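Student: Structure file my_file23.txt (compact mmCIF, C-alpha atoms and all ligand atoms) is given on the next line.
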# COMPACT_ATOMS: atom_id res chain seq x y z
CA MET A 1373 -8.41 52.27 117.60
CA LEU A 1374 -11.07 51.64 115.00
CA ARG A 1375 -12.57 48.12 115.12
CA TRP A 1376 -15.52 46.71 113.24
CA VAL A 1377 -17.24 43.33 113.50
CA ASP A 1378 -19.53 42.34 110.62
CA GLY A 1379 -19.66 45.86 109.27
CA ARG A 1380 -20.40 47.65 112.54
CA PRO A 1381 -18.19 49.26 115.17
CA GLY A 1382 -17.55 46.62 117.81
CA GLU A 1383 -14.96 44.75 119.84
CA THR A 1384 -16.56 41.49 120.81
CA LEU A 1385 -16.70 38.17 119.06
CA SER A 1386 -18.74 35.02 119.55
CA SER A 1387 -16.86 32.28 121.43
CA LEU A 1388 -18.18 29.85 118.77
CA ASP A 1389 -16.22 31.50 115.95
CA ARG A 1390 -14.40 28.87 113.87
CA GLY A 1391 -11.52 31.25 113.30
CA LEU A 1392 -10.74 30.97 116.99
CA ALA A 1393 -11.50 27.24 117.30
CA TYR A 1394 -9.68 26.00 114.17
CA GLY A 1395 -7.98 28.93 112.48
CA ASP A 1396 -10.75 28.46 109.91
CA GLY A 1397 -10.33 31.69 108.00
CA LEU A 1398 -8.08 34.10 106.18
CA PHE A 1399 -6.63 37.55 106.67
CA GLU A 1400 -5.15 40.50 104.83
CA THR A 1401 -2.93 43.23 106.25
CA ILE A 1402 -3.46 46.33 104.16
CA ALA A 1403 -1.58 49.63 104.06
CA VAL A 1404 -3.97 52.59 104.15
CA CYS A 1405 -2.70 55.91 102.77
CA HIS A 1406 -4.82 59.03 102.32
CA ALA A 1407 -7.90 56.99 103.30
CA ARG A 1408 -7.31 54.52 100.46
CA PRO A 1409 -6.25 50.86 100.73
CA ARG A 1410 -3.02 50.33 98.79
CA LEU A 1411 -2.99 47.37 96.35
CA LEU A 1412 -6.69 46.87 97.06
CA GLU A 1413 -7.45 44.63 94.08
CA TYR A 1414 -4.49 42.35 94.84
CA HIS A 1415 -5.58 41.92 98.46
CA LEU A 1416 -9.18 41.24 97.45
CA GLN A 1417 -8.10 38.76 94.79
CA ARG A 1418 -5.91 36.78 97.19
CA LEU A 1419 -8.73 36.74 99.72
CA ALA A 1420 -11.28 35.63 97.12
CA ASP A 1421 -8.92 32.89 95.94
CA GLY A 1422 -8.53 31.72 99.55
CA CYS A 1423 -12.29 31.72 100.13
CA ARG A 1424 -12.79 29.68 96.96
CA ARG A 1425 -10.11 27.15 97.95
CA LEU A 1426 -11.51 26.80 101.48
CA SER A 1427 -15.17 26.94 100.34
CA ILE A 1428 -15.95 29.97 102.51
CA PRO A 1429 -19.02 31.62 100.93
CA LEU A 1430 -17.93 35.23 101.27
CA ASP A 1431 -20.02 38.07 99.81
CA ALA A 1432 -17.24 39.85 97.91
CA LYS A 1433 -19.31 42.98 97.15
CA LEU A 1434 -20.28 43.46 100.78
CA LEU A 1435 -16.70 42.97 101.90
CA ARG A 1436 -15.34 45.53 99.42
CA ALA A 1437 -17.92 48.11 100.52
CA GLU A 1438 -17.12 47.51 104.21
CA LEU A 1439 -13.38 47.72 103.62
CA LEU A 1440 -13.67 50.98 101.67
CA ALA A 1441 -15.90 52.55 104.33
CA PHE A 1442 -13.51 51.40 107.05
CA THR A 1443 -10.35 52.66 105.36
CA GLY A 1444 -12.11 55.95 104.58
CA GLU A 1445 -12.65 56.39 108.30
CA LEU A 1446 -9.18 55.15 109.28
CA GLY A 1447 -7.38 57.65 107.04
CA GLU A 1448 -3.79 56.49 107.61
CA GLY A 1449 -2.35 53.31 109.07
CA VAL A 1450 -2.88 49.59 108.74
CA ALA A 1451 -6.20 47.81 108.23
CA LYS A 1452 -6.19 44.16 109.21
CA LEU A 1453 -9.08 42.30 107.65
CA ILE A 1454 -9.97 38.89 109.07
CA VAL A 1455 -12.58 36.65 107.49
CA THR A 1456 -13.65 33.51 109.33
CA ARG A 1457 -16.17 30.82 108.44
CA GLY A 1458 -18.29 32.25 111.27
CA ASP A 1459 -19.93 30.46 114.18
CA ALA A 1460 -20.62 26.74 114.52
CA GLY A 1461 -20.98 24.11 117.22
CA ARG A 1462 -18.45 21.44 118.14
CA GLY A 1463 -16.69 19.39 115.44
CA TYR A 1464 -14.50 20.08 112.43
CA ALA A 1465 -17.23 19.57 109.81
CA PRO A 1466 -17.78 22.90 108.04
CA PRO A 1467 -21.41 23.96 108.53
CA ALA A 1468 -23.56 23.69 105.39
CA GLU A 1469 -24.93 27.22 105.92
CA ALA A 1470 -21.85 29.15 107.00
CA GLU A 1471 -22.19 32.87 107.65
CA PRO A 1472 -18.69 34.25 107.25
CA ARG A 1473 -17.59 36.81 109.83
CA ARG A 1474 -15.68 39.96 108.89
CA LEU A 1475 -13.38 41.74 111.33
CA LEU A 1476 -11.64 45.01 110.53
CA LEU A 1477 -8.92 46.25 112.89
CA GLY A 1478 -7.20 49.57 112.44
CA SER A 1479 -3.75 50.34 113.79
CA PRO A 1480 -1.20 53.12 113.40
CA TRP A 1481 1.54 52.89 110.82
CA PRO A 1482 4.42 50.64 112.10
CA SER A 1483 7.57 52.54 113.06
CA TYR A 1484 10.25 50.74 111.04
CA PRO A 1485 13.68 52.43 111.04
CA ASP A 1486 14.36 54.28 107.76
CA ALA A 1487 17.71 52.50 107.63
CA ASN A 1488 15.93 49.19 106.93
CA ALA A 1489 15.03 50.47 103.48
CA THR A 1490 18.12 52.60 102.83
CA GLN A 1491 21.03 50.58 104.26
CA GLY A 1492 19.43 47.16 104.39
CA ILE A 1493 18.76 44.70 107.18
CA GLU A 1494 20.40 41.70 108.80
CA LEU A 1495 18.41 38.50 108.37
CA PHE A 1496 18.15 35.90 111.14
CA PRO A 1497 18.40 32.29 109.90
CA CYS A 1498 15.39 30.65 111.62
CA ALA A 1499 15.65 27.01 112.67
CA THR A 1500 11.85 26.61 112.47
CA ARG A 1501 10.94 24.99 109.15
CA LEU A 1502 7.79 25.42 107.09
CA ALA A 1503 5.71 22.28 106.58
CA GLU A 1504 4.53 21.45 103.07
CA GLN A 1505 0.80 21.56 102.34
CA PRO A 1506 -0.14 22.37 98.75
CA LEU A 1507 -3.82 22.77 99.73
CA LEU A 1508 -2.88 25.83 101.79
CA ALA A 1509 0.24 27.03 99.99
CA GLY A 1510 0.13 30.67 98.94
CA LEU A 1511 -2.86 31.51 101.13
CA LYS A 1512 -2.80 33.98 103.98
CA HIS A 1513 -4.80 31.71 106.25
CA LEU A 1514 -5.21 32.10 110.00
CA ASN A 1515 -2.88 29.21 110.99
CA ARG A 1516 0.35 31.10 111.56
CA LEU A 1517 1.95 29.10 114.38
CA GLU A 1518 5.09 28.43 112.34
CA GLN A 1519 5.65 32.19 112.09
CA VAL A 1520 4.85 32.65 115.79
CA ILE A 1521 7.47 30.04 116.75
CA ALA A 1522 10.01 31.37 114.26
CA ARG A 1523 9.60 34.98 115.44
CA GLY A 1524 10.20 33.78 119.00
CA GLU A 1525 13.64 32.50 118.00
CA TRP A 1526 15.33 35.90 118.21
CA GLN A 1527 15.08 38.96 120.46
CA ASP A 1528 18.16 40.81 119.24
CA PRO A 1529 16.87 43.98 117.52
CA ARG A 1530 19.85 43.81 115.16
CA PHE A 1531 17.76 41.34 113.12
CA ALA A 1532 14.78 42.99 111.41
CA GLU A 1533 13.51 39.77 109.83
CA GLY A 1534 14.07 36.02 109.80
CA LEU A 1535 14.61 33.61 106.93
CA MET A 1536 12.35 30.57 106.69
CA ARG A 1537 13.16 27.33 104.90
CA ASP A 1538 11.05 24.26 104.28
CA LEU A 1539 11.69 20.79 105.73
CA SER A 1540 14.09 19.99 102.88
CA GLY A 1541 16.11 23.14 103.55
CA ARG A 1542 14.87 25.09 100.50
CA VAL A 1543 14.58 28.84 100.99
CA VAL A 1544 10.92 29.94 101.05
CA GLU A 1545 10.38 33.43 102.47
CA GLY A 1546 10.82 35.72 105.45
CA VAL A 1547 8.76 35.39 108.64
CA PHE A 1548 6.50 38.23 107.41
CA SER A 1549 7.90 38.94 103.95
CA ASN A 1550 8.78 37.37 100.63
CA LEU A 1551 12.37 37.06 99.45
CA PHE A 1552 14.01 37.84 96.11
CA LEU A 1553 17.56 37.10 94.91
CA VAL A 1554 19.25 38.93 92.07
CA ARG A 1555 21.82 37.03 90.01
CA GLN A 1556 23.33 38.44 86.82
CA GLY A 1557 20.42 40.86 86.44
CA ARG A 1558 17.75 38.16 86.88
CA LEU A 1559 15.17 38.21 89.67
CA ILE A 1560 14.69 34.89 91.44
CA THR A 1561 12.00 34.07 93.99
CA ALA A 1562 10.76 30.83 95.54
CA ASP A 1563 8.05 28.71 94.01
CA LEU A 1564 5.27 28.81 96.63
CA GLY A 1565 3.43 25.68 95.48
CA ARG A 1566 4.22 23.71 98.65
CA CYS A 1567 4.29 26.36 101.39
CA GLY A 1568 4.63 30.07 101.99
CA VAL A 1569 2.37 33.06 101.55
CA ALA A 1570 2.07 34.53 98.04
CA GLY A 1571 2.50 38.16 99.03
CA VAL A 1572 0.73 40.92 97.15
CA MET A 1573 3.97 42.93 97.00
CA ARG A 1574 5.75 39.91 95.50
CA ARG A 1575 3.03 39.73 92.85
CA TRP A 1576 3.23 43.46 92.14
CA LEU A 1577 7.03 43.33 91.77
CA LEU A 1578 6.84 40.28 89.49
CA GLU A 1579 4.38 42.14 87.25
CA GLN A 1580 6.56 45.26 87.22
CA ALA A 1581 9.59 43.17 86.29
CA ALA A 1582 7.70 41.47 83.46
CA ALA A 1583 6.55 44.86 82.12
CA ARG A 1584 10.18 46.05 82.06
CA GLN A 1585 11.74 42.97 80.46
CA ILE A 1586 13.56 42.08 83.67
CA ALA A 1587 14.06 38.30 83.56
CA VAL A 1588 12.29 36.43 86.37
CA GLU A 1589 12.69 32.89 87.68
CA ILE A 1590 10.15 31.34 90.07
CA ARG A 1591 11.65 28.10 91.28
CA ASP A 1592 13.18 26.17 94.18
CA ILE A 1593 16.13 27.89 95.83
CA ASP A 1594 18.87 26.13 97.84
CA TYR A 1595 20.24 27.82 100.92
CA ALA A 1596 23.75 27.79 99.41
CA GLU A 1597 22.47 29.69 96.37
CA LEU A 1598 21.74 32.74 98.52
CA PHE A 1599 25.48 33.21 99.03
CA ARG A 1600 26.11 33.28 95.29
CA ALA A 1601 23.47 35.99 94.75
CA ASP A 1602 24.57 39.52 93.80
CA GLU A 1603 21.68 41.10 95.74
CA LEU A 1604 19.00 39.95 98.16
CA PHE A 1605 15.89 41.78 99.23
CA LEU A 1606 12.66 41.25 101.14
CA CYS A 1607 9.26 42.73 100.41
CA ASN A 1608 5.81 43.08 101.87
CA SER A 1609 2.79 45.28 101.45
CA LEU A 1610 3.52 47.49 104.48
CA TYR A 1611 7.20 48.38 104.15
CA GLY A 1612 7.77 47.84 100.42
CA ILE A 1613 11.36 46.63 99.90
CA TRP A 1614 14.16 46.06 102.41
CA PRO A 1615 17.56 45.14 100.99
CA VAL A 1616 19.25 42.28 102.90
CA CYS A 1617 22.82 43.28 103.75
CA ARG A 1618 23.81 40.42 106.07
CA LEU A 1619 22.98 36.76 106.75
CA ASP A 1620 25.10 34.04 108.34
CA ARG A 1621 28.29 36.17 108.35
CA HIS A 1622 27.89 36.99 104.64
CA ASP A 1623 27.51 40.59 103.46
CA TRP A 1624 25.81 42.01 100.39
CA PRO A 1625 25.86 45.56 99.05
CA VAL A 1626 22.54 47.23 98.30
CA GLY A 1627 22.42 46.42 94.61
CA ALA A 1628 21.35 48.35 91.52
CA LEU A 1629 18.25 46.29 90.74
CA THR A 1630 17.06 46.54 94.35
CA ARG A 1631 17.45 50.32 94.18
CA LYS A 1632 15.69 50.44 90.81
CA LEU A 1633 12.68 48.49 92.16
CA GLN A 1634 12.56 50.72 95.25
CA GLY A 1635 12.46 53.71 92.88
CA ILE A 1636 9.59 52.19 90.89
CA LEU A 1637 7.69 51.56 94.14
CA ARG A 1638 8.21 55.14 95.22
CA THR A 1639 7.02 56.52 91.91
CA LEU A 1640 4.01 54.26 91.36
CA LEU A 1641 2.85 53.44 94.88
CA ASP A 1642 4.23 56.40 96.86
CA PHE A 1643 6.35 54.29 99.25
C1 LIG B 1701 4.40 34.64 106.02
C2 LIG B 1701 4.31 35.84 105.12
N1 LIG B 1701 4.85 35.79 103.89
C3 LIG B 1701 4.79 36.85 103.05
C4 LIG B 1701 4.19 38.04 103.45
C5 LIG B 1701 4.14 39.22 102.51
O1 LIG B 1701 2.82 39.42 102.05
P1 LIG B 1701 2.23 40.79 101.50
O2 LIG B 1701 3.14 41.23 100.38
O3 LIG B 1701 0.90 40.43 101.00
O4 LIG B 1701 2.24 41.77 102.61
C6 LIG B 1701 3.61 38.12 104.71
C7 LIG B 1701 2.96 39.37 105.15
O5 LIG B 1701 2.64 39.57 106.30
C8 LIG B 1701 3.66 37.00 105.58
O6 LIG B 1701 3.12 37.04 106.79
Would you mind giving the structure from this file in C-alpha cells?

Tutor:
Amino acid sequence: MLRWVDGRPGETLSSLDRGLAYGDGLFETIAVCHARPRLLEYHLQRLADGCRRLSIPLDAKLLRAELLAFTGELGEGVAKLIVTRGDAGRGYAPPAEAEPRRLLLGSPWPSYPDANATQGIELFPCATRLAEQPLLAGLKHLNRLEQVIARGEWQDPRFAEGLMRDLSGRVVEGVFSNLFLVRQGRLITADLGRCGVAGVMRRWLLEQAAARQIAVEIRDIDYAELFRADELFLCNSLYGIWPVCRLDRHDWPVGALTRKLQGILRTLLDF
C-alpha cells in the first residue's frame, strides 16, 4: 500500500520520533473518493486547531500539497495522516526547534456490511470510561489507549460499535464515532468540552441541521436519556451514518430524521 514519510515514499521512521515516545502528535483518517479527500477543509481545520493547541509548528501549505498529491495517487480508499512533533532526545520538554513529521498511509476502503447503514447496528455498552482533560478534548491526538482498551472489551461481531461514557457516566461518543439522539424532532449530541473527539462528520451534520432549521442541542447527556430517545445514530467520516437499533436490551426503529440525514449525505457527499 502507498506510504509516505515527510512527503516521500517510504516506510521507515526515526526511533526518536516523539509520536512514538509520547503520543506527541495528531492524526486524521480521511475518506478518499475519485482521488479526492472528502471533507478536506474540515480535516485540515481540526488538524490546524490541534497543532495550535499543542504548539506544533506545522507548515499547513506544505501539508495540504502533500495530502492532495498523496490522495491523487491513492485514488480510492482511506488516507491516514499522522503529524508528530518530530524527533528529539530524551525528556518530555518539547524541543524549541521542532520539525514536525508527516506520515501518510493509504489503505483500501473498509468492508462494513451494508446492513449497518440500512438496518442499523447493535451498540456495545463499554465499561471503559473516558477521562476528562479539557486541554485535549475534541482533538484527534495520538493518545488513543482508552479506545484500544474499550475496543478490546468485545469480540462478538454482533456489535459494530461500542458506547463510551465519561467517569461520571455521561454519554460521550462511540469508540470510533460520534453519537446523536433524536427527541421530538430535535438533534442532541454530547458537549465535547471535557473529553471525546470532535468528529468532522459530527460538525458537517450539525451545520446541515442548522441550515435546515432542525433544532440542535449540544449538552451533557445522561445514560438513562438514551432510552427516552426516539432515534439514535452514530457517525464518522468513513461510513457516514449508522442508525443504532439496539443497546442494553432496548430497541429503536430507524427513524425519519436519521433517514433524512442519510439522504442528505448521499446527495451532497455521495455516501
Ligand atoms: C474516538 C473517536 N470519536 C469520533 C470519531 C469520528 O470522527 P470523524 O467524524 O472525524 O471521522 C472518531 C473517528 O475515528 C474517533 O476515533

Student: Which residue gives the smallest distance to Ile1636 of chain A among A:Glu1579, A:Asp1486, A:Glu1603, A:Glu1589, with all atoms listed in the file counted?

Tutor: A:Glu1579

Student: Determine the nearest neighbour of ligand LIG 1701 (chain B) from the options A:Ala1489, A:Leu1598, A:Leu1412, A:Val1588, counting only C-alpha atoms and all ligand atoms.

Tutor: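 Closest candidate: A:Leu1412.
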
Student: Quick one: residues within 12 Å of Trp1576 of chain A, all atoms listed in the file counted, chain neighbours fewer than 5 positions away excluded, as a list in words?

Tutor: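 Non-adjacent residues within range: Arg1410, Leu1411, Leu1412, Glu1413, Tyr1414, His1415, Asn1550, Ala1570, Gly1571, Ala1581, Ala1582, Ala1583, Cys1607, Asn1608, Ser1609, Gly1612, Ile1613, Leu1633, Ile1636, Leu1637, Leu1640 and Leu1641 of chain A.
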
Student: Can you work out which residues are within 8 Å of ligand LIG 1701 (chain B), considering all atoms listed in the file, and then hand them over as a PyMOL selection string?

Tutor: chain A and resi 1400-1402+1415+1512+1516+1519+1545-1550+1568-1575+1607-1610

Student: Measuring atom to atom with only C-alpha atoms, identify which of A:Leu1578, A:Gly1557, A:Leu1495, A:Gly1534 is nearest to Arg1621 of chain A.

Tutor: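 The shortest atom-to-atom distance to Arg1621 of chain A comes from A:Leu1495.
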
Student: Using only C-alpha atoms, list the residues that have an atom at most 12 Å from (18.6, 44.2, 108.0), coordinates as in the file, as a PyMOL selection string.

Tutor: chain A and resi 1484-1496+1528-1535+1546+1604-1606+1613-1619+1623-1626

Student: Give me, as a list in words, all polymer residues having an atom no more than 12 Å from Ala1587 of chain A, counting all atoms listed in the file and skipping those fewer than 6 positions away in the same chain.

Tutor: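 The neighbour list is Leu1553, Val1554, Arg1555, Gln1556, Gly1557, Arg1558, Leu1559, Ile1560, Thr1561, Leu1577, Leu1578, Glu1579, Gln1580, Ala1581 and Leu1629 of chain A.
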
Student: Can you tell me, as a list in words, what residues are no more than 12 Å from Ala1465 of chain A when counting all atoms listed in the file, ignoring any on the same chain fewer than 6 positions away?

Tutor: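 After dropping sequence-adjacent residues, the list is Arg1390, Tyr1394, Asp1396 and Arg1457 of chain A.
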
Student: Find the residue from A:Arg1418, A:Arg1462, A:Arg1375, A:His1406 that sits nearest to Leu1388 of chain A; use only C-alpha atoms when measuring.

Tutor: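 Nearest to Leu1388 of chain A: A:Arg1462.
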
Student: Atom CA of Asp1389 of chain A and atom CA of Gly1461 of chain A, how far apart in Å?

Tutor: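 Atom-to-atom, atom CA of Gly1461 of chain A to atom CA of Asp1389 of chain A, that is 8.9 Å.
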
Student: By how many Å are atom CA of Leu1453 of chain A and atom CA of Gly1478 of chain A apart?

Tutor: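 Between atom CA of Leu1453 of chain A and atom CA of Gly1478 of chain A the gap is 8.9 Å.
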
Student: Could you tell me which of A:Thr1630, A:Ala1432, A:Asp1602, A:Ser1483 comes closest to Gln1417 of chain A if we count all atoms listed in the file?

Tutor: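 Nearest to Gln1417 of chain A: A:Ala1432.
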
Student: Excluding same-chain residues fewer than 2 positions from Leu1426 of chain A, what lies within 10 Å of it counting only C-alpha atoms, as a list in words?

Tutor: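 So, after excluding close chain neighbours, the residues are Asp1396, Gly1397, Leu1398, Ala1420, Asp1421, Gly1422, Cys1423, Arg1424, Ile1428, Pro1429, Arg1457, Pro1466, Leu1507, Leu1508, Leu1511 and His1513 of chain A.
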
Student: Now that the selection is made, can you save its residues with C-alpha atoms as an mmCIF file, in the frame of the given file?

Tutor:
data_model
loop_
_atom_site.group_PDB
_atom_site.id
_atom_site.type_symbol
_atom_site.label_atom_id
_atom_site.label_comp_id
_atom_site.auth_asym_id
_atom_site.auth_seq_id
_atom_site.Cartn_x
_atom_site.Cartn_y
_atom_site.Cartn_z
ATOM 1 C CA ASP A 1396 -10.750 28.460 109.910
ATOM 2 C CA GLY A 1397 -10.330 31.690 108.000
ATOM 3 C CA LEU A 1398 -8.080 34.100 106.180
ATOM 4 C CA ALA A 1420 -11.280 35.630 97.120
ATOM 5 C CA ASP A 1421 -8.920 32.890 95.940
ATOM 6 C CA GLY A 1422 -8.530 31.720 99.550
ATOM 7 C CA CYS A 1423 -12.290 31.720 100.130
ATOM 8 C CA ARG A 1424 -12.790 29.680 96.960
ATOM 9 C CA ILE A 1428 -15.950 29.970 102.510
ATOM 10 C CA PRO A 1429 -19.020 31.620 100.930
ATOM 11 C CA ARG A 1457 -16.170 30.820 108.440
ATOM 12 C CA PRO A 1466 -17.780 22.900 108.040
ATOM 13 C CA LEU A 1507 -3.820 22.770 99.730
ATOM 14 C CA LEU A 1508 -2.880 25.830 101.790
ATOM 15 C CA LEU A 1511 -2.860 31.510 101.130
ATOM 16 C CA HIS A 1513 -4.800 31.710 106.250
#

Student: Which value, in Å to one decimal, gives the distance between atom CA of Ala1460 of chain A and atom CA of Ala1503 of chain A?

Tutor: 27.9 Å

Student: If we count all atoms listed in the file, what is near Met1536 of chain A at a cut-off of 8 Å, once residues fewer than 6 positions away on the same chain are taken out, given as a PDB file with C-alpha atoms, in the frame of the given file?

Tutor:
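The resulting around.pdb:
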ATOM      1  CA  PRO A1497      18.400  32.290 109.900  1.00  0.00           C
ATOM      2  CA  CYS A1498      15.390  30.650 111.620  1.00  0.00           C
ATOM      3  CA  ALA A1499      15.650  27.010 112.670  1.00  0.00           C
ATOM      4  CA  THR A1500      11.850  26.610 112.470  1.00  0.00           C
ATOM      5  CA  ARG A1501      10.940  24.990 109.150  1.00  0.00           C
ATOM      6  CA  LEU A1502       7.790  25.420 107.090  1.00  0.00           C
ATOM      7  CA  ALA A1522      10.010  31.370 114.260  1.00  0.00           C
ATOM      8  CA  VAL A1543      14.580  28.840 100.990  1.00  0.00           C
ATOM      9  CA  VAL A1544      10.920  29.940 101.050  1.00  0.00           C
ATOM     10  CA  GLU A1545      10.380  33.430 102.470  1.00  0.00           C
ATOM     11  CA  GLY A1546      10.820  35.720 105.450  1.00  0.00           C
ATOM     12  CA  VAL A1547       8.760  35.390 108.640  1.00  0.00           C
TER      13      VAL A1547
END

Student: What are the nearest atom pairs, with distances in Å to one decimal, for all residues of segment 1458-1554 of chain A that come at most 6 Å from segment 1376-1386 of chain A, using all atoms listed in the file, set out by chain and rising residue number as a Markdown table?

Tutor:
| residue | atom | partner | partner_atom | distance |
| --- | --- | --- | --- | --- |
| A:Arg1473 | CA | A:Asp1378 | CA | 5.9 |
| A:Arg1474 | CA | A:Asp1378 | CA | 4.8 |
| A:Leu1475 | CA | A:Val1377 | CA | 4.7 |
| A:Leu1476 | CA | A:Trp1376 | CA | 5.0 |

Student: Export, as a PDB file, in the frame of the given file, the selected residues with C-alpha atoms.

Tutor:
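Ended up saving to out-v8.pdb:
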ATOM      1  CA  ARG A1473     -17.590  36.810 109.830  1.00  0.00           C
ATOM      2  CA  ARG A1474     -15.680  39.960 108.890  1.00  0.00           C
ATOM      3  CA  LEU A1475     -13.380  41.740 111.330  1.00  0.00           C
ATOM      4  CA  LEU A1476     -11.640  45.010 110.530  1.00  0.00           C
TER       5      LEU A1476
END
